[in-house]
Every structure is written in structure tokens, then in C-alpha cells.
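start.csv, holding CSV, C-alpha atoms and all ligand atoms:
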```csv
chain,number,residue,atom,x,y,z
P,154,MET,CA,-76.2,53.8,30.2
P,155,ILE,CA,-78.4,53.5,33.3
P,156,ILE,CA,-77.2,51.1,35.9
P,157,LYS,CA,-79.7,50.1,38.6
P,158,ALA,CA,-78.8,51.3,42.1
P,159,ASP,CA,-78.2,47.8,43.6
P,160,VAL,CA,-76.0,46.8,40.6
P,161,ARG,CA,-74.0,50.0,40.8
P,162,THR,CA,-73.4,49.6,44.6
P,163,ALA,CA,-72.4,46.0,44.0
P,164,LEU,CA,-69.9,47.0,41.3
P,165,GLU,CA,-68.5,49.8,43.4
P,166,THR,CA,-68.0,47.6,46.4
P,167,ASN,CA,-66.7,44.6,44.5
P,168,ARG,CA,-69.6,42.4,45.3
P,169,PRO,CA,-70.6,39.6,42.8
P,170,VAL,CA,-72.8,40.6,39.9
P,171,VAL,CA,-74.3,38.3,37.1
P,172,ALA,CA,-75.6,39.8,33.9
P,173,LEU,CA,-78.5,38.2,32.1
P,174,GLU,CA,-79.5,38.8,28.5
P,175,SER,CA,-83.1,39.6,27.6
P,176,THR,CA,-83.5,38.1,24.1
P,177,VAL,CA,-84.0,34.7,25.5
P,178,ILE,CA,-86.8,36.1,27.6
P,179,ALA,CA,-88.5,38.2,24.9
P,180,HIS,CA,-87.9,36.0,21.8
P,181,GLY,CA,-86.4,32.6,22.9
P,182,LEU,CA,-89.2,31.4,25.2
P,183,PRO,CA,-93.0,31.5,24.9
P,184,ARG,CA,-95.4,33.3,27.2
P,185,PRO,CA,-96.0,32.8,30.1
P,186,GLN,CA,-92.9,30.7,30.7
P,187,ASN,CA,-90.7,33.6,29.6
P,188,LEU,CA,-91.6,35.9,32.5
P,189,GLU,CA,-91.7,33.0,35.0
P,190,THR,CA,-88.2,32.0,33.9
P,191,GLY,CA,-86.9,35.6,33.9
P,192,ASN,CA,-88.0,36.0,37.5
P,193,LYS,CA,-86.7,32.6,38.5
P,194,LEU,CA,-83.2,33.3,37.1
P,195,GLU,CA,-83.0,36.5,39.0
P,196,ARG,CA,-84.2,34.8,42.2
P,197,ILE,CA,-81.6,32.0,41.8
P,198,ILE,CA,-78.8,34.5,41.4
P,199,ARG,CA,-80.0,36.4,44.5
P,200,GLU,CA,-80.2,33.2,46.5
P,201,CYS,CA,-76.6,32.4,45.6
P,202,GLY,CA,-75.5,35.7,47.1
P,203,ALA,CA,-75.0,37.7,43.9
P,204,VAL,CA,-76.8,40.7,42.3
P,205,HIS,CA,-78.5,40.1,39.0
P,206,ALA,CA,-78.4,42.6,36.1
P,207,THR,CA,-80.8,41.9,33.3
P,208,ILE,CA,-79.8,44.0,30.3
P,209,ALA,CA,-82.1,45.6,27.7
P,210,MET,CA,-82.7,48.8,25.9
P,211,LEU,CA,-85.8,50.8,26.9
P,212,ALA,CA,-86.8,53.9,25.0
P,213,GLY,CA,-83.4,54.1,23.5
P,214,GLU,CA,-81.5,53.9,26.8
P,215,LEU,CA,-79.1,51.1,27.7
P,216,ARG,CA,-80.3,49.6,30.9
P,217,VAL,CA,-78.3,47.4,33.3
P,218,GLY,CA,-80.6,45.9,35.8
P,219,LEU,CA,-84.4,46.1,35.4
P,220,GLU,CA,-87.4,46.7,37.7
P,221,ASN,CA,-89.9,43.8,37.8
P,222,SER,CA,-92.4,45.9,35.8
P,223,GLU,CA,-89.8,46.5,33.1
P,224,LEU,CA,-89.0,42.8,32.8
P,225,GLU,CA,-92.7,42.1,32.5
P,226,PHE,CA,-92.9,44.7,29.8
P,227,LEU,CA,-90.3,42.9,27.7
P,228,THR,CA,-92.1,39.6,28.0
P,229,HIS,CA,-95.6,40.8,27.1
P,230,ASN,CA,-95.0,43.2,24.2
P,231,PRO,CA,-94.8,41.8,20.7
P,232,GLU,CA,-93.2,45.1,19.5
P,233,ILE,CA,-90.0,44.4,21.4
P,234,LYS,CA,-87.1,44.2,18.9
P,235,LYS,CA,-84.2,41.7,19.0
P,236,LEU,CA,-81.1,43.9,19.2
P,237,SER,CA,-77.7,42.7,18.3
P,238,VAL,CA,-74.6,45.0,18.4
P,239,ARG,CA,-75.3,46.3,14.9
P,240,ASP,CA,-78.7,47.5,16.0
P,241,LEU,CA,-77.7,49.3,19.2
P,242,ALA,CA,-77.0,52.7,17.4
P,243,ILE,CA,-80.3,52.6,15.5
P,244,ALA,CA,-82.2,51.7,18.7
P,245,LEU,CA,-80.5,54.6,20.6
P,246,ALA,CA,-81.1,57.1,17.8
P,247,ARG,CA,-84.7,56.0,17.3
P,248,HIS,CA,-85.6,55.5,21.0
P,249,TRP,CA,-86.6,51.8,20.6
P,250,ASN,CA,-87.5,49.2,23.1
P,251,GLY,CA,-85.5,46.1,22.6
P,252,ALA,CA,-84.1,42.9,24.1
P,253,THR,CA,-80.4,42.3,23.8
P,254,THR,CA,-78.7,39.2,22.5
P,255,VAL,CA,-75.6,37.6,24.0
P,256,ALA,CA,-73.5,39.7,21.7
P,257,SER,CA,-75.0,43.1,22.6
P,258,THR,CA,-75.5,42.1,26.3
P,259,ILE,CA,-71.8,41.3,26.8
P,260,TRP,CA,-70.9,44.5,24.9
P,261,ILE,CA,-72.9,46.5,27.4
P,262,ALA,CA,-72.1,44.4,30.5
P,263,HIS,CA,-68.4,44.6,29.9
P,264,ARG,CA,-68.6,48.4,29.6
P,265,ALA,CA,-70.6,48.5,32.9
P,266,GLY,CA,-67.8,46.6,34.6
P,267,ILE,CA,-69.6,43.2,34.9
P,268,LYS,CA,-67.4,40.1,34.6
P,269,VAL,CA,-70.0,37.2,34.4
P,270,LEU,CA,-72.9,36.5,32.1
P,271,ALA,CA,-75.4,33.6,32.2
P,272,THR,CA,-77.4,32.4,29.2
P,273,GLY,CA,-78.8,29.3,27.6
P,274,GLY,CA,-77.1,28.5,24.4
P,275,ILE,CA,-74.9,30.9,22.4
P,276,GLY,CA,-75.4,31.6,18.7
P,277,GLY,CA,-73.0,30.2,16.2
P,278,VAL,CA,-72.5,29.1,12.6
P,279,HIS,CA,-75.9,28.0,11.2
P,280,ARG,CA,-76.2,25.0,9.0
P,281,GLY,CA,-76.5,25.6,5.3
P,282,SER,CA,-74.2,27.2,2.8
P,283,LEU,CA,-74.9,30.9,3.2
P,284,PRO,CA,-73.0,31.2,5.8
P,285,ASP,CA,-75.0,32.7,8.6
P,286,VAL,CA,-72.8,33.4,11.6
P,287,SER,CA,-74.2,34.8,14.8
P,288,ALA,CA,-72.7,38.1,16.0
P,289,ASP,CA,-72.3,36.3,19.4
P,290,LEU,CA,-69.1,34.7,18.1
P,291,PRO,CA,-67.1,37.8,17.1
P,292,GLU,CA,-68.2,39.6,20.2
P,293,LEU,CA,-67.0,36.7,22.4
P,294,SER,CA,-63.7,36.9,20.7
P,295,ARG,CA,-63.2,40.5,21.8
P,296,THR,CA,-64.9,40.7,25.2
P,297,PRO,CA,-63.0,39.6,28.3
P,298,MET,CA,-65.9,38.1,30.3
P,299,ILE,CA,-66.9,34.7,31.7
P,300,VAL,CA,-69.9,33.5,29.7
P,301,VAL,CA,-71.7,30.6,31.2
P,302,CYS,CA,-73.9,28.6,28.8
P,303,SER,CA,-74.8,25.1,27.7
P,304,GLY,CA,-72.7,25.3,24.5
P,305,PRO,CA,-74.0,26.5,21.1
P,306,LYS,CA,-77.6,25.9,20.3
P,307,VAL,CA,-78.0,22.4,18.8
P,308,VAL,CA,-79.8,23.8,15.7
P,309,LEU,CA,-76.4,25.1,14.6
P,310,ASP,CA,-73.6,23.5,12.7
P,311,LEU,CA,-71.8,22.4,15.8
P,312,PRO,CA,-68.5,21.3,14.3
P,313,ALA,CA,-68.2,24.6,12.3
P,314,THR,CA,-69.1,26.6,15.4
P,315,ARG,CA,-66.4,24.7,17.4
P,316,GLU,CA,-63.8,25.5,14.7
P,317,TRP,CA,-64.8,29.2,14.8
P,318,LEU,CA,-64.3,29.3,18.6
P,319,GLU,CA,-60.9,27.8,18.2
P,320,THR,CA,-59.8,30.0,15.3
P,321,HIS,CA,-60.7,33.1,17.2
P,322,SER,CA,-59.0,32.1,20.5
P,323,ILE,CA,-62.1,31.7,22.7
P,324,THR,CA,-61.2,29.3,25.5
P,325,VAL,CA,-63.9,26.7,26.0
P,326,ALA,CA,-64.1,25.2,29.5
P,327,GLY,CA,-66.3,22.2,30.2
P,328,TYR,CA,-67.9,22.5,33.6
P,329,GLU,CA,-67.9,19.0,35.2
P,330,CYS,CA,-67.8,17.5,31.7
P,331,ASP,CA,-65.3,16.2,29.2
P,332,GLU,CA,-66.9,17.3,25.9
P,333,MET,CA,-68.7,20.4,24.7
P,334,PRO,CA,-72.4,20.2,25.6
P,335,ALA,CA,-74.9,20.9,22.8
P,336,PHE,CA,-77.7,22.8,24.5
P,337,TYR,CA,-80.6,20.3,24.9
P,338,SER,CA,-78.1,17.5,24.8
P,339,ARG,CA,-75.2,16.7,27.0
P,340,ALA,CA,-73.1,15.3,24.2
P,341,SER,CA,-71.7,16.7,21.0
P,342,GLY,CA,-68.7,14.6,20.4
P,343,LEU,CA,-66.7,17.9,20.2
P,344,PRO,CA,-63.8,18.8,22.4
P,345,ILE,CA,-63.4,21.3,25.2
P,346,ASP,CA,-60.1,23.0,25.9
P,347,VAL,CA,-60.1,22.4,29.7
P,348,ARG,CA,-62.2,20.8,32.3
P,349,CYS,CA,-63.2,22.7,35.4
P,350,ASP,CA,-64.8,21.1,38.4
P,351,SER,CA,-65.3,24.2,40.6
P,352,PRO,CA,-66.0,27.9,40.4
P,353,GLU,CA,-62.5,28.5,41.7
P,354,GLU,CA,-60.9,26.6,38.8
P,355,VAL,CA,-62.9,28.8,36.4
P,356,VAL,CA,-61.7,31.9,38.2
P,357,GLU,CA,-58.1,30.8,38.0
P,358,ILE,CA,-58.2,30.5,34.2
P,359,TYR,CA,-60.1,33.8,33.9
P,360,ARG,CA,-57.4,35.5,36.0
P,361,ALA,CA,-54.7,34.0,33.8
P,362,GLN,CA,-56.4,35.3,30.7
P,363,ARG,CA,-56.3,38.8,32.2
P,364,GLU,CA,-52.7,38.4,33.3
P,365,LEU,CA,-51.8,37.5,29.8
P,366,GLY,CA,-53.7,40.5,28.4
P,367,LEU,CA,-56.0,38.4,26.3
P,368,ASN,CA,-59.2,40.0,25.2
P,369,SER,CA,-61.3,37.0,24.4
P,370,ALA,CA,-64.1,35.5,26.6
P,371,LEU,CA,-63.9,32.4,28.7
P,372,LEU,CA,-66.8,30.3,27.6
P,373,VAL,CA,-67.9,28.0,30.4
P,374,THR,CA,-70.1,25.3,29.0
P,375,VAL,CA,-72.4,23.5,31.5
P,376,PRO,CA,-74.4,20.4,30.4
P,377,VAL,CA,-78.2,20.5,30.7
P,378,PRO,CA,-79.2,18.7,34.0
P,379,ARG,CA,-79.4,14.9,33.3
P,380,GLU,CA,-83.1,14.7,34.2
P,381,ALA,CA,-84.0,17.4,31.6
P,382,GLU,CA,-81.9,16.2,28.7
P,383,VAL,CA,-83.9,15.6,25.5
P,384,GLN,CA,-83.4,12.0,24.3
P,385,ALA,CA,-81.4,11.8,21.1
P,386,LYS,CA,-84.1,10.1,19.0
P,387,LEU,CA,-86.7,12.7,19.8
P,388,LEU,CA,-84.2,15.5,19.5
P,389,ASN,CA,-82.9,14.5,16.0
P,390,ARG,CA,-86.4,14.0,14.6
P,391,ALA,CA,-87.6,17.4,15.9
P,392,LEU,CA,-84.4,19.0,14.6
P,393,ALA,CA,-84.6,17.6,11.1
P,394,ASP,CA,-88.3,18.6,10.8
P,395,SER,CA,-87.7,22.1,12.2
P,396,LEU,CA,-84.8,22.8,9.8
P,397,ASP,CA,-86.9,21.6,6.9
P,398,GLN,CA,-89.8,23.9,7.9
P,399,ALA,CA,-87.4,26.9,8.2
P,400,GLU,CA,-86.1,26.2,4.7
P,401,ARG,CA,-89.6,25.8,3.3
P,402,GLU,CA,-90.7,29.1,4.9
P,403,LYS,CA,-87.5,30.8,3.9
P,404,ILE,CA,-86.8,32.0,7.5
P,405,ALA,CA,-83.6,33.9,7.7
P,406,GLY,CA,-81.7,36.6,9.6
P,407,ARG,CA,-82.6,37.5,13.1
P,408,ASP,CA,-85.9,35.4,12.9
P,409,LEU,CA,-84.1,32.1,12.3
P,410,THR,CA,-83.0,31.2,15.8
P,411,PRO,CA,-86.4,32.1,17.5
P,412,PHE,CA,-88.3,30.2,14.8
P,413,LEU,CA,-86.2,27.1,15.2
P,414,LEU,CA,-86.5,27.1,19.0
P,415,ALA,CA,-90.3,27.4,18.8
P,416,GLN,CA,-90.5,24.7,16.1
P,417,MET,CA,-88.3,22.4,18.3
P,418,SER,CA,-90.6,22.8,21.3
P,419,ALA,CA,-93.8,22.2,19.2
P,420,ARG,CA,-92.3,19.1,17.6
P,421,SER,CA,-91.0,17.6,20.9
P,422,ASP,CA,-94.2,18.1,23.0
P,423,GLY,CA,-92.4,20.8,25.0
P,424,ALA,CA,-89.4,18.6,25.9
P,425,THR,CA,-87.0,21.1,24.4
P,426,LEU,CA,-88.7,24.0,26.3
P,427,ARG,CA,-88.4,22.1,29.6
P,428,ALA,CA,-84.7,21.4,28.8
P,429,ASN,CA,-84.1,25.1,27.9
P,430,ILE,CA,-85.6,26.3,31.2
P,431,ALA,CA,-83.7,23.7,33.3
P,432,LEU,CA,-80.4,24.6,31.7
P,433,LEU,CA,-81.0,28.4,32.1
P,434,GLU,CA,-81.7,27.9,35.8
P,435,ASN,CA,-78.7,25.7,36.3
P,436,ASN,CA,-76.4,28.0,34.3
P,437,SER,CA,-77.6,31.0,36.4
P,438,ARG,CA,-76.6,29.1,39.5
P,439,VAL,CA,-73.2,28.2,38.2
P,440,ALA,CA,-72.6,31.8,37.0
P,441,ALA,CA,-73.5,33.2,40.4
P,442,GLN,CA,-71.2,30.7,42.1
P,443,ILE,CA,-68.4,31.8,39.8
P,444,ALA,CA,-69.2,35.5,40.4
P,445,CYS,CA,-68.9,34.8,44.2
P,446,ALA,CA,-65.6,33.0,43.8
P,447,LEU,CA,-64.3,36.0,41.8
P,448,GLY,CA,-64.7,38.2,44.8
P,449,ARG,CA,-62.7,35.9,47.1
M,1,LIG,N1,-80.1,31.1,24.8
M,1,LIG,C1,-81.3,30.5,24.9
M,1,LIG,N2,-82.3,31.0,24.1
M,1,LIG,C2,-82.1,32.1,23.3
M,1,LIG,C3,-80.9,32.7,23.2
M,1,LIG,C4,-79.9,32.1,24.0
M,1,LIG,O1,-81.5,29.5,25.6
M,1,LIG,O2,-83.1,32.5,22.6
M,1,LIG,C5,-80.6,33.9,22.3
M,1,LIG,C6,-79.4,34.7,22.7
M,1,LIG,O3,-79.9,36.1,22.9
M,1,LIG,C7,-78.5,34.6,21.6
M,1,LIG,C8,-79.4,34.5,20.4
M,1,LIG,O4,-77.6,35.7,21.5
M,1,LIG,O5,-80.4,33.6,20.9
M,1,LIG,C9,-78.7,34.1,19.1
M,1,LIG,O6,-79.4,34.6,18.0
M,1,LIG,P1,-78.7,34.7,16.6
M,1,LIG,O7,-78.5,33.3,16.2
M,1,LIG,O8,-79.7,35.4,15.7
M,1,LIG,O9,-77.5,35.5,16.7
M,2,MN,MN,-77.7,35.2,11.9
```

Mind turning the file's structure into C-alpha cells?
Amino acid sequence: MIIKADVRTALETNRPVVALESTVIAHGLPRPQNLETGNKLERIIRECGAVHATIAMLAGELRVGLENSELEFLTHNPEIKKLSVRDLAIALARHWNGATTVASTIWIAHRAGIKVLATGGIGGVHRGSLPDVSADLPELSRTPMIVVCSGPKVVLDLPATREWLETHSITVAGYECDEMPAFYSRASGLPIDVRCDSPEEVVEIYRAQRELGLNSALLVTVPVPREAEVQAKLLNRALADSLDQAEREKIAGRDLTPFLLAQMSARSDGATLRANIALLENNSRVAAQIACALGR
């Protein structure tokens, strides 16, 4: 594992660090917004007084913290693989370049000693009867980190995903909200376990988890900023059409989530893309504030 010098120094001196995943940049957002967003998220974290550590695999090496040129490489290269935990060993053995999902990013970040990750929406239980369950979920159940997101992606089976989180003892906090947000939408009708109104309140619960010796993550769910929320009618229509399209084209496995996100954006005139970027920026800010509070 190669940890970038500024990240290593921050970890050694107990300064705040926020991990970022790279699949959202390489596969979740289109060009050129992906690179712009990647740079912006890093800048937001810096401006909040924390050190950013974007995680990826380059030429078979686990990388914690990237140079600008490396981030750019990830956003401009169609050959970049989407690596979940099951792929890490193959990528290492075969010297691949790949972007890491939430699952593989927290696997790496935790082993590097990082306590906070920011992302957009976590993976979960897909709709349909297969069942297709993201590796994000089991990894969250065994990784003691704070994961800041806007809930599971709305393309998923949200009630089933909420049940999975509960069964596997992943504590779900609502950040300044009373129900679990659903990615592009502030509402899901599904419960949170606890409401937190400040970074300090999040840190208290995280510390209590560690005191109890629990291994699961603290999922901090932050609603998309009001002005960027996608209106329910537009969202539901785009969603139904996108799900139909995926079924017609028999999209499955690792391609399903990126396909659905791209479809949603095309079918909403970019409204979902604007929401995705706004919530990523906001989540990065909240994650940095939590990382700073952890050090106090
Ligand atoms: N958040 C976003 N966009 C994304 C993702 C998260 O706003 O594209 C990525 C994360 O890397 C997450 C992955 O781990 O989508 C889930 O993919 P899957 O359903 O195949 O596990
Ligand atoms: Mn899957």
C-alpha cells in the first residue's frame, strides 16, 4: 500500500483525514464533470482543514492519496476497471489500473488508519428477484468507519436495503434529518436509528461504537441540498424508464449501477447529475467537519 506523504503525515500526527472513493469519479459521473468534481471534492476537504485521500489501484498497487495527474488518468481512461473487494487480488496479481468502490475503498482506508469516508450514495439491494446485493453492504457491516453518504442510491430496492442494514447491525444516523434520505431525493419514508445535528454528535456515537467493540460502520446519511433535489414526478418517471431499459438490455453485475445512473441523467435532462454533484460536495464538507471533530 502506498500512502501519499501528506496523508501519512496527517495520520501519524493525528490530523483529520477524509477518504474518497474513485468509482464515482471513473464510472459514476460522465466526462468532463467527473474530473471537475473529483478536484472540487478534494478542494472542499482541504478548505475545511482536513487532508483528502482519494483511493484507487494503479498498476496493481493500492494507493491512498493521488497526485492530480493520477486523478486525471482515472477520469480519462475508458480502460479503468471498477474494482470491488473481490477484484482486489486479481488487480494486484495482474497489475491493473482500477477505481475502487465504497466496499473496496473502506477496506483499504481502514487498513491505512483512516476513520472517515465521503461518497454519494452507497450500493444496496437491487430491485428484482435475483437478488443482486452490493458488496458495499457486507463491507460496511465489518468495517468500523464513519461513512458519510446521501443514503442508498434511489435506483435500489430501498426498503430491502434498509432491512439489510438493520439485520447486519449498521447504525444509520440522519444528519439534520428525521428519515433516511434516498440519494437524489430527501425523502424515502424509511427510518433512521438516530438523528445527529452536529459533527460532535456523530463523533460521540462513533466513539461509543468503538468503546463497545463493535465492528460495523456508522452510516451518516445527509440529504441532498434542497435546491438540488430532483422533483418526485421527474425522478419517478426517469427511474421507471431507466429500470425498464436496463431490463431490456439485460444489464447486470458491475455494469448495472453505472448504467442506471447514466440513464437517469439522460432521462432527467441532467437534473440527477446536478443533484449527484451537489450531494457529493455537501457530503465531503460534512465528512471533513466530522474528521476535524474527531481530532478534538
Ligand atoms: N456514489 C455515487 N455514484 C457512484 C457510487 C457512489 O454518487 O457511482 C459508486 C460507489 O463506488 C459504490 C458503487 O460503491 O457505486 C456501487 O456499485 P455496485 O452497486 O455495483 O456495488
Ligand atoms: Mn451487484

>> I'd like to know which of P:Pro231, P:Pro334, P:Pro297, P:Gly251 is closest to Ile275 of chain P, using only C-alpha atoms.
In response: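 Distance minimum relative to Ile275 of chain P lands on P:Pro334.
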
>> Can you tell me which residues surround Val383 of chain P at a distance of at most 7 Å, considering all atoms listed in the file, apart from same-chain residues fewer than 6 positions away, and format the answer as number ranges by chain?
In response: P: 337-338, 424-425, 428

Got a sec: who's within 7 Å of Ser237 of chain P, counting only C-alpha atoms, leaving out chain neighbours fewer than 4 positions off, as a CSV table (one decimal) with C-alpha atoms, keeping the file's coordinate frame?
```
chain,number,residue,atom,x,y,z
P,241,LEU,CA,-77.7,49.3,19.2
P,253,THR,CA,-80.4,42.3,23.8
P,254,THR,CA,-78.7,39.2,22.5
P,256,ALA,CA,-73.5,39.7,21.7
P,257,SER,CA,-75.0,43.1,22.6
```

Once you count only C-alpha atoms and all ligand atoms, which residues end up within 8 Å of ligand LIG 1 (chain M), and could you hand them over as a PDB file with C-alpha atoms, keeping the file's coordinate frame?
```pdb
ATOM      1  CA  GLU P 174     -79.500  38.800  28.500  1.00  0.00           C
ATOM      2  CA  SER P 175     -83.100  39.600  27.600  1.00  0.00           C
ATOM      3  CA  THR P 176     -83.500  38.100  24.100  1.00  0.00           C
ATOM      4  CA  VAL P 177     -84.000  34.700  25.500  1.00  0.00           C
ATOM      5  CA  ILE P 178     -86.800  36.100  27.600  1.00  0.00           C
ATOM      6  CA  HIS P 180     -87.900  36.000  21.800  1.00  0.00           C
ATOM      7  CA  GLY P 181     -86.400  32.600  22.900  1.00  0.00           C
ATOM      8  CA  LEU P 182     -89.200  31.400  25.200  1.00  0.00           C
ATOM      9  CA  SER P 237     -77.700  42.700  18.300  1.00  0.00           C
ATOM     10  CA  THR P 253     -80.400  42.300  23.800  1.00  0.00           C
ATOM     11  CA  THR P 254     -78.700  39.200  22.500  1.00  0.00           C
ATOM     12  CA  VAL P 255     -75.600  37.600  24.000  1.00  0.00           C
ATOM     13  CA  ALA P 256     -73.500  39.700  21.700  1.00  0.00           C
ATOM     14  CA  SER P 257     -75.000  43.100  22.600  1.00  0.00           C
ATOM     15  CA  THR P 272     -77.400  32.400  29.200  1.00  0.00           C
ATOM     16  CA  GLY P 273     -78.800  29.300  27.600  1.00  0.00           C
ATOM     17  CA  GLY P 274     -77.100  28.500  24.400  1.00  0.00           C
ATOM     18  CA  ILE P 275     -74.900  30.900  22.400  1.00  0.00           C
ATOM     19  CA  GLY P 276     -75.400  31.600  18.700  1.00  0.00           C
ATOM     20  CA  GLY P 277     -73.000  30.200  16.200  1.00  0.00           C
ATOM     21  CA  HIS P 279     -75.900  28.000  11.200  1.00  0.00           C
ATOM     22  CA  VAL P 286     -72.800  33.400  11.600  1.00  0.00           C
ATOM     23  CA  SER P 287     -74.200  34.800  14.800  1.00  0.00           C
ATOM     24  CA  ALA P 288     -72.700  38.100  16.000  1.00  0.00           C
ATOM     25  CA  ASP P 289     -72.300  36.300  19.400  1.00  0.00           C
ATOM     26  CA  CYS P 302     -73.900  28.600  28.800  1.00  0.00           C
ATOM     27  CA  LYS P 306     -77.600  25.900  20.300  1.00  0.00           C
ATOM     28  CA  PHE P 336     -77.700  22.800  24.500  1.00  0.00           C
ATOM     29  CA  GLY P 406     -81.700  36.600   9.600  1.00  0.00           C
ATOM     30  CA  ARG P 407     -82.600  37.500  13.100  1.00  0.00           C
ATOM     31  CA  ASP P 408     -85.900  35.400  12.900  1.00  0.00           C
ATOM     32  CA  LEU P 409     -84.100  32.100  12.300  1.00  0.00           C
ATOM     33  CA  THR P 410     -83.000  31.200  15.800  1.00  0.00           C
ATOM     34  CA  PRO P 411     -86.400  32.100  17.500  1.00  0.00           C
ATOM     35  CA  LEU P 414     -86.500  27.100  19.000  1.00  0.00           C
ATOM     36  CA  ASN P 429     -84.100  25.100  27.900  1.00  0.00           C
ATOM     37  CA  ILE P 430     -85.600  26.300  31.200  1.00  0.00           C
ATOM     38  CA  LEU P 432     -80.400  24.600  31.700  1.00  0.00           C
ATOM     39  CA  LEU P 433     -81.000  28.400  32.100  1.00  0.00           C
TER      40      LEU P 433
END
```

For Leu371 of chain P: contacts at 7 Å, all atoms listed in the file, fewer than 4 positions along chain excluded, given as a short mmCIF file (atom, residue, chain, number, x, y, z; two decimals) with C-alpha atoms, in the coordinates of the input:
```cif
data_model
loop_
_atom_site.label_atom_id
_atom_site.label_comp_id
_atom_site.auth_asym_id
_atom_site.auth_seq_id
_atom_site.Cartn_x
_atom_site.Cartn_y
_atom_site.Cartn_z
CA MET P 298 -65.90 38.10 30.30
CA ILE P 299 -66.90 34.70 31.70
CA VAL P 300 -69.90 33.50 29.70
CA ILE P 323 -62.10 31.70 22.70
CA THR P 324 -61.20 29.30 25.50
CA VAL P 325 -63.90 26.70 26.00
CA TYR P 359 -60.10 33.80 33.90
#
```

Rebuild all heavy atoms on segment 259-266 of chain P, as a tab-separated table (two decimals), in the frame of the given file?
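The result, written out as out00.tsv:
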```tsv
chain	number	residue	atom	x	y	z
P	259	ILE	N	-73.14	41.29	26.24
P	259	ILE	CA	-71.80	41.30	26.80
P	259	ILE	C	-71.08	42.63	26.38
P	259	ILE	O	-70.25	43.13	27.13
P	259	ILE	CB	-70.90	40.09	26.39
P	259	ILE	CG1	-70.78	39.91	24.88
P	259	ILE	CG2	-71.43	38.84	27.05
P	259	ILE	CD1	-69.83	38.74	24.48
P	260	TRP	N	-71.45	43.19	25.25
P	260	TRP	CA	-70.90	44.50	24.90
P	260	TRP	C	-71.23	45.52	25.95
P	260	TRP	O	-70.38	46.27	26.41
P	260	TRP	CB	-71.47	44.94	23.50
P	260	TRP	CG	-70.75	46.10	22.89
P	260	TRP	CD1	-69.72	46.06	22.00
P	260	TRP	CD2	-71.02	47.50	23.14
P	260	TRP	NE1	-69.32	47.33	21.69
P	260	TRP	CE2	-70.09	48.25	22.37
P	260	TRP	CE3	-71.94	48.19	23.93
P	260	TRP	CZ2	-70.07	49.64	22.36
P	260	TRP	CZ3	-71.90	49.58	23.93
P	260	TRP	CH2	-70.98	50.29	23.15
P	261	ILE	N	-72.48	45.53	26.38
P	261	ILE	CA	-72.90	46.50	27.40
P	261	ILE	C	-72.37	46.10	28.78
P	261	ILE	O	-71.83	46.94	29.51
P	261	ILE	CB	-74.48	46.53	27.45
P	261	ILE	CG1	-75.04	47.04	26.11
P	261	ILE	CG2	-74.97	47.40	28.61
P	261	ILE	CD1	-76.53	46.78	25.92
P	262	ALA	N	-72.49	44.83	29.14
P	262	ALA	CA	-72.10	44.40	30.50
P	262	ALA	C	-70.63	44.66	30.75
P	262	ALA	O	-70.25	45.13	31.84
P	262	ALA	CB	-72.39	42.89	30.65
P	263	HIS	N	-69.79	44.40	29.77
P	263	HIS	CA	-68.40	44.60	29.90
P	263	HIS	C	-68.08	46.11	30.19
P	263	HIS	O	-67.28	46.46	31.06
P	263	HIS	CB	-67.60	44.12	28.71
P	263	HIS	CG	-66.14	44.41	28.76
P	263	HIS	ND1	-65.34	43.97	29.78
P	263	HIS	CD2	-65.34	45.13	27.92
P	263	HIS	CE1	-64.10	44.40	29.57
P	263	HIS	NE2	-64.08	45.10	28.45
P	264	ARG	N	-68.76	46.95	29.45
P	264	ARG	CA	-68.60	48.40	29.60
P	264	ARG	C	-69.11	48.90	30.97
P	264	ARG	O	-68.69	49.93	31.48
P	264	ARG	CB	-69.14	49.16	28.44
P	264	ARG	CG	-68.18	49.09	27.26
P	264	ARG	CD	-68.82	49.17	25.90
P	264	ARG	NE	-67.81	48.94	24.86
P	264	ARG	CZ	-67.42	47.74	24.42
P	264	ARG	NH1	-67.99	46.63	24.88
P	264	ARG	NH2	-66.48	47.62	23.49
P	265	ALA	N	-70.05	48.14	31.52
P	265	ALA	CA	-70.60	48.50	32.90
P	265	ALA	C	-69.66	47.97	33.97
P	265	ALA	O	-69.85	48.30	35.13
P	265	ALA	CB	-71.99	47.94	33.02
P	266	GLY	N	-68.71	47.11	33.61
P	266	GLY	CA	-67.80	46.60	34.60
P	266	GLY	C	-68.20	45.20	35.16
P	266	GLY	O	-67.66	44.74	36.17
```
